[in-house]
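Trainee: Got a file for you: target-v7.txt, compact mmCIF, C-alpha atoms.
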# COMPACT_ATOMS: atom_id res chain seq x y z
CA MET V 354 87.90 70.20 241.64
CA GLY V 355 86.69 69.80 238.09
CA ASP V 356 87.73 70.41 234.53
CA GLU V 357 89.37 73.82 233.95
CA GLY V 358 87.35 74.44 230.76
CA TYR V 359 84.09 73.84 232.60
CA ARG V 360 85.31 76.02 235.49
CA ARG V 361 86.01 78.87 233.00
CA PHE V 362 82.55 78.36 231.47
CA LEU V 363 80.84 78.57 234.88
CA SER V 364 83.00 81.52 235.93
CA ARG V 365 80.88 83.73 233.66
CA CYS V 366 78.10 83.23 236.22
CA ALA V 367 80.18 82.66 239.35
CA GLU V 368 82.44 85.71 239.16
CA PRO V 369 79.71 88.37 238.87
CA LEU V 370 77.68 86.51 241.52
CA LEU V 371 80.60 86.40 243.94
CA LYS V 372 81.05 90.17 243.54
CA VAL V 373 77.54 90.89 244.85
CA LEU V 374 76.85 88.12 247.38
CA PRO V 375 77.20 89.08 251.04
CA PRO V 376 79.72 86.91 252.92
CA GLY V 377 78.34 83.58 254.09
CA SER V 378 75.26 83.63 251.86
CA GLU V 379 73.06 80.55 251.61
CA GLY V 380 71.92 79.31 248.24
CA MET V 381 70.67 76.47 246.12
CA ASP V 382 72.14 75.08 242.92
CA PHE V 383 68.94 74.09 241.11
CA GLY V 384 69.59 71.44 238.48
CA CYS V 385 73.21 71.08 239.56
CA GLY V 386 73.85 68.04 237.37
CA PRO V 387 76.15 65.12 238.14
CA ALA V 388 79.20 67.25 239.00
CA PRO V 389 78.09 70.35 240.95
CA LEU V 390 81.19 72.42 240.18
CA LEU V 391 79.42 75.79 240.49
CA ALA V 392 78.35 74.90 244.03
CA SER V 393 81.97 73.98 244.81
CA ILE V 394 83.24 77.30 243.43
CA LEU V 395 80.75 79.23 245.57
CA GLU V 396 81.60 77.11 248.64
CA GLU V 397 85.31 77.82 248.08
CA HIS V 398 84.37 81.47 248.70
CA GLY V 399 82.54 80.77 251.96
CA HIS V 400 78.95 80.36 250.76
CA LYS V 401 76.69 77.47 251.71
CA VAL V 402 75.05 75.75 248.74
CA GLU V 403 72.37 73.06 248.77
CA LEU V 404 72.14 70.79 245.76
CA PHE V 405 68.96 69.94 243.95
CA ASP V 406 68.66 67.91 240.76
CA ARG V 407 65.73 65.64 239.97
CA PHE V 408 67.91 63.23 238.03
CA TYR V 409 71.38 63.30 239.56
CA PHE V 410 70.50 63.91 243.21
CA PRO V 411 67.06 62.29 243.49
CA LYS V 412 67.59 61.49 247.17
CA ASN V 413 67.69 65.24 247.89
CA ARG V 414 64.14 66.41 248.40
CA PHE V 415 63.18 69.76 246.94
CA PRO V 416 64.17 72.18 249.69
CA GLU V 417 61.36 74.02 251.47
CA LYS V 418 63.34 76.98 252.75
CA ASN V 419 64.44 80.46 251.74
CA TYR V 420 67.76 81.41 250.19
CA ASP V 421 69.97 84.42 249.52
CA PHE V 422 70.59 83.12 246.00
CA ILE V 423 69.50 80.41 243.60
CA VAL V 424 71.63 79.44 240.61
CA ALA V 425 70.43 77.50 237.59
CA THR V 426 73.11 77.15 234.94
CA GLU V 427 72.10 75.49 231.69
CA VAL V 428 68.87 74.30 233.32
CA VAL V 429 65.89 76.45 232.31
CA GLU V 430 65.97 75.22 228.71
CA HIS V 431 65.19 71.74 230.09
CA LEU V 432 62.09 72.80 232.08
CA SER V 433 58.75 71.65 230.72
CA SER V 434 56.86 74.40 232.59
CA PRO V 435 59.25 77.29 233.24
CA GLY V 436 56.30 79.64 233.76
CA ASP V 437 55.32 77.53 236.78
CA GLU V 438 58.73 76.45 238.03
CA LEU V 439 60.59 79.78 237.98
CA PRO V 440 57.98 81.59 240.15
CA LYS V 441 58.17 78.69 242.65
CA LEU V 442 61.92 79.14 242.86
CA TRP V 443 61.45 82.91 243.10
CA ALA V 444 59.18 82.42 246.12
CA GLN V 445 62.11 80.74 247.89
CA LEU V 446 64.34 83.80 247.62
CA ARG V 447 64.69 86.19 250.52
CA VAL V 448 64.15 89.89 249.86
CA GLY V 449 67.37 91.14 248.29
CA GLY V 450 68.13 87.65 246.99
CA LEU V 451 69.39 86.82 243.51
CA MET V 452 68.32 84.27 240.97
CA ALA V 453 71.23 83.68 238.60
CA LEU V 454 70.29 81.95 235.35
CA MET V 455 72.55 80.86 232.54
CA THR V 456 71.05 79.82 229.21
CA LYS V 457 71.66 80.58 225.56
CA LEU V 458 69.29 83.26 224.26
CA VAL V 459 67.39 83.30 220.99
CA ILE V 460 68.77 86.16 218.90
CA SER V 461 66.16 86.24 216.13
CA PRO V 462 63.45 84.06 214.57
CA GLU V 463 65.56 83.77 211.42
CA ARG V 464 68.60 82.42 213.27
CA PHE V 465 66.49 80.13 215.48
CA ALA V 466 65.84 77.68 212.62
CA SER V 467 69.54 76.87 212.21
CA TRP V 468 70.59 77.31 215.86
CA HIS V 469 72.68 74.48 217.31
CA TYR V 470 70.92 74.79 220.68
CA ILE V 471 67.61 73.44 219.32
CA ARG V 472 69.31 70.26 218.11
CA ASP V 473 69.58 68.96 221.67
CA PRO V 474 66.33 67.02 222.22
CA THR V 475 66.45 67.77 225.96
CA HIS V 476 66.22 71.52 225.23
CA ILE V 477 62.48 72.12 225.23
CA SER V 478 62.14 75.75 226.39
CA PHE V 479 63.81 78.70 224.71
CA PHE V 480 64.25 82.27 225.88
CA CYS V 481 65.17 85.65 224.47
CA ALA V 482 66.04 88.92 226.18
CA GLU V 483 62.40 90.02 225.96
CA THR V 484 61.35 86.90 227.85
CA PHE V 485 63.47 87.95 230.81
CA HIS V 486 62.18 91.52 230.66
CA TRP V 487 58.65 90.07 230.83
CA LEU V 488 59.61 87.73 233.68
CA ALA V 489 61.22 90.58 235.63
CA ARG V 490 58.00 92.60 235.34
CA LYS V 491 55.91 89.60 236.39
CA LEU V 492 58.12 88.94 239.43
CA ASP V 493 58.69 92.63 240.23
CA ALA V 494 62.40 91.92 239.92
CA GLU V 495 65.43 93.96 239.05
CA LEU V 496 66.92 92.50 235.86
CA LYS V 497 70.56 92.54 234.82
CA PHE V 498 72.23 90.80 231.90
CA VAL V 499 75.74 90.23 233.28
CA ASP V 500 77.03 88.32 230.25
CA ILE V 501 75.65 87.29 226.87
CA ASP V 502 73.82 84.34 228.43
CA VAL V 503 73.90 85.10 232.17
CA ILE V 504 70.86 86.75 233.69
CA PHE V 505 70.43 88.02 237.25
CA LEU V 506 67.02 88.69 238.76
CA LYS V 507 67.06 90.46 242.11
CA LYS V 508 64.19 90.28 244.56
CA SER V 509 63.85 93.88 245.59
CA GLY V 510 60.74 94.15 247.74
CA VAL V 511 58.10 92.44 249.82
CA HIS V 512 55.68 92.42 246.85
CA SER V 513 58.05 90.24 244.76
CA GLU V 514 56.16 86.97 245.02
Output the file's structure in the form of structure tokens.
Mentor:
Amino acid sequence: MGDEGYRRFLSRCAEPLLKVLPPGSEGMDFGCGPAPLLASILEEHGHKVELFDRFYFPKNRFPEKNYDFIVATEVVEHLSSPGDELPKLWAQLRVGGLMALMTKLVISPERFASWHYIRDPTHISFFCAETFHWLARKLDAELKFVDIDVIFLKKSGVHSE
């Protein structure tokens, strides 16, 4: 299923995630878009993935359950209140669960002004590595940058809410 170029793009998140997920894990693809290829890739490897997207899957209600993983690829830059929405997602992770995020990171204030990513009018929130270090402290999460723009946050204890 899906375009091979897009599959390669998503593999930068999928491959490291598949290496650490226990068999048969349950997850949510938050902001999956119109063609939920990442969910399909994870399902091909035996994981169960619920889809949620406010625009492309509006009939799907926001799930009120807990997951082993939540993926959000090229989504967080579209959130109007990431400081509210990411902790809500975090609360839906089971202890030991992973939140896998994929978004371009701001490298420096100087480069930000000419960055192609800010030209997309739907990109309204921007992040840098320090943002994710701050978020990991706030959530009491283990943080790992698995690729240049792929971030894993692991829920390590009962106080991670």
Trainee: Would you list the contacts of segment 398-408 of chain V as a PDB file with C-alpha atoms, in the coordinates of the input, taking every protein, DNA or RNA residue within 12 Å and counting only C-alpha atoms, but skipping same-chain residues closer than 2 positions in sequence?
Mentor:
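Resulting contents of selection_15.pdb:
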ATOM      1  CA  ALA V 367      80.180  82.660 239.350  1.00  0.00           C
ATOM      2  CA  GLU V 368      82.440  85.710 239.160  1.00  0.00           C
ATOM      3  CA  LEU V 370      77.680  86.510 241.520  1.00  0.00           C
ATOM      4  CA  LEU V 371      80.600  86.400 243.940  1.00  0.00           C
ATOM      5  CA  LYS V 372      81.050  90.170 243.540  1.00  0.00           C
ATOM      6  CA  LEU V 374      76.850  88.120 247.380  1.00  0.00           C
ATOM      7  CA  PRO V 375      77.200  89.080 251.040  1.00  0.00           C
ATOM      8  CA  PRO V 376      79.720  86.910 252.920  1.00  0.00           C
ATOM      9  CA  GLY V 377      78.340  83.580 254.090  1.00  0.00           C
ATOM     10  CA  SER V 378      75.260  83.630 251.860  1.00  0.00           C
ATOM     11  CA  GLU V 379      73.060  80.550 251.610  1.00  0.00           C
ATOM     12  CA  GLY V 380      71.920  79.310 248.240  1.00  0.00           C
ATOM     13  CA  MET V 381      70.670  76.470 246.120  1.00  0.00           C
ATOM     14  CA  ASP V 382      72.140  75.080 242.920  1.00  0.00           C
ATOM     15  CA  PHE V 383      68.940  74.090 241.110  1.00  0.00           C
ATOM     16  CA  GLY V 384      69.590  71.440 238.480  1.00  0.00           C
ATOM     17  CA  CYS V 385      73.210  71.080 239.560  1.00  0.00           C
ATOM     18  CA  GLY V 386      73.850  68.040 237.370  1.00  0.00           C
ATOM     19  CA  PRO V 387      76.150  65.120 238.140  1.00  0.00           C
ATOM     20  CA  ALA V 388      79.200  67.250 239.000  1.00  0.00           C
ATOM     21  CA  PRO V 389      78.090  70.350 240.950  1.00  0.00           C
ATOM     22  CA  LEU V 390      81.190  72.420 240.180  1.00  0.00           C
ATOM     23  CA  LEU V 391      79.420  75.790 240.490  1.00  0.00           C
ATOM     24  CA  ALA V 392      78.350  74.900 244.030  1.00  0.00           C
ATOM     25  CA  SER V 393      81.970  73.980 244.810  1.00  0.00           C
ATOM     26  CA  ILE V 394      83.240  77.300 243.430  1.00  0.00           C
ATOM     27  CA  LEU V 395      80.750  79.230 245.570  1.00  0.00           C
ATOM     28  CA  GLU V 396      81.600  77.110 248.640  1.00  0.00           C
ATOM     29  CA  PHE V 410      70.500  63.910 243.210  1.00  0.00           C
ATOM     30  CA  PRO V 411      67.060  62.290 243.490  1.00  0.00           C
ATOM     31  CA  LYS V 412      67.590  61.490 247.170  1.00  0.00           C
ATOM     32  CA  ASN V 413      67.690  65.240 247.890  1.00  0.00           C
ATOM     33  CA  ARG V 414      64.140  66.410 248.400  1.00  0.00           C
ATOM     34  CA  PHE V 415      63.180  69.760 246.940  1.00  0.00           C
ATOM     35  CA  PRO V 416      64.170  72.180 249.690  1.00  0.00           C
ATOM     36  CA  GLU V 417      61.360  74.020 251.470  1.00  0.00           C
ATOM     37  CA  LYS V 418      63.340  76.980 252.750  1.00  0.00           C
ATOM     38  CA  ASN V 419      64.440  80.460 251.740  1.00  0.00           C
ATOM     39  CA  TYR V 420      67.760  81.410 250.190  1.00  0.00           C
ATOM     40  CA  ASP V 421      69.970  84.420 249.520  1.00  0.00           C
ATOM     41  CA  PHE V 422      70.590  83.120 246.000  1.00  0.00           C
ATOM     42  CA  ILE V 423      69.500  80.410 243.600  1.00  0.00           C
ATOM     43  CA  VAL V 424      71.630  79.440 240.610  1.00  0.00           C
ATOM     44  CA  ALA V 425      70.430  77.500 237.590  1.00  0.00           C
ATOM     45  CA  THR V 426      73.110  77.150 234.940  1.00  0.00           C
ATOM     46  CA  VAL V 428      68.870  74.300 233.320  1.00  0.00           C
ATOM     47  CA  HIS V 431      65.190  71.740 230.090  1.00  0.00           C
ATOM     48  CA  LEU V 432      62.090  72.800 232.080  1.00  0.00           C
ATOM     49  CA  LEU V 442      61.920  79.140 242.860  1.00  0.00           C
TER      50      LEU V 442
END
Trainee: Ranking V:Leu446, V:Pro440, V:Leu488, V:Lys457 by minimum distance to Ile501 of chain V and counting all atoms listed in the file, which one comes first?
Mentor: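 Of all the options, V:Lys457 lies closest to Ile501 of chain V.
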Trainee: Of the candidates V:Phe465, V:Val459, V:Asp500, V:Ile471, which one gets nearest to Thr484 of chain V if we count all atoms listed in the file?
Mentor: V:Val459
Trainee: Could the centre and edge lengths of an axis-aligned box, enclosing all atoms of segment 486-491 of chain V in the file with 6 Å extra on each side, be given in Å to one decimal as lines of an AutoDock Vina configuration file?
Mentor:
center_x = 59.0
center_y = 90.2
center_z = 233.5
size_x = 18.3
size_y = 16.9
size_z = 17.7
Trainee: Calculated over only C-alpha atoms, which of the candidates V:Val503, V:Glu397, V:Ser509, V:Ala482 has the smallest distance to Phe362 of chain V?
Mentor: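 Of the candidates, the smallest distance to Phe362 of chain V is held by V:Val503.
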Trainee: At what distance in Å, to one decimal, does atom CA of Lys491 of chain V lie from atom CA of Ile504 of chain V?
Mentor: 15.5 Å
Trainee: What is the distance, in Å and to one decimal place, between atom CA of Glu463 of chain V and atom CA of Pro435 of chain V?
Mentor: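 A separation of 23.6 Å between them.
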Trainee: As an exercise, work out the distance from atom CA of Tyr359 of chain V to atom CA of Lys497 of chain V in Å and give it to one decimal place.
Mentor: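 For atom CA of Tyr359 of chain V relative to atom CA of Lys497 of chain V, the distance reads 23.2 Å.
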Trainee: Here is a test: counting all atoms listed in the file, which residue of V:Leu439, V:Cys481, V:Ala494, V:Val373 is nearest to Ile460 of chain V?
Mentor: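 With all atoms listed in the file as the atom set, the closest residue is V:Cys481.
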Trainee: Taking only C-alpha atoms into account, which of V:Ala444, V:Val429, V:Cys366, V:Ile477 comes nearest Val499 of chain V?
Mentor: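 Among the listed residues, V:Cys366 lies closest to Val499 of chain V.
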Trainee: Find the spatial neighbours of Phe479 of chain V, counting only C-alpha atoms, within a cut-off of 8 Å - ignore same-chain residues fewer than 3 positions away - and output them as number ranges by chain.
Mentor: V: 430, 458-459, 476
Trainee: Using all atoms listed in the file, which of V:Gly510, V:Thr456, V:Leu492, V:Tyr470 sits nearest Lys441 of chain V?
Mentor: V:Leu492
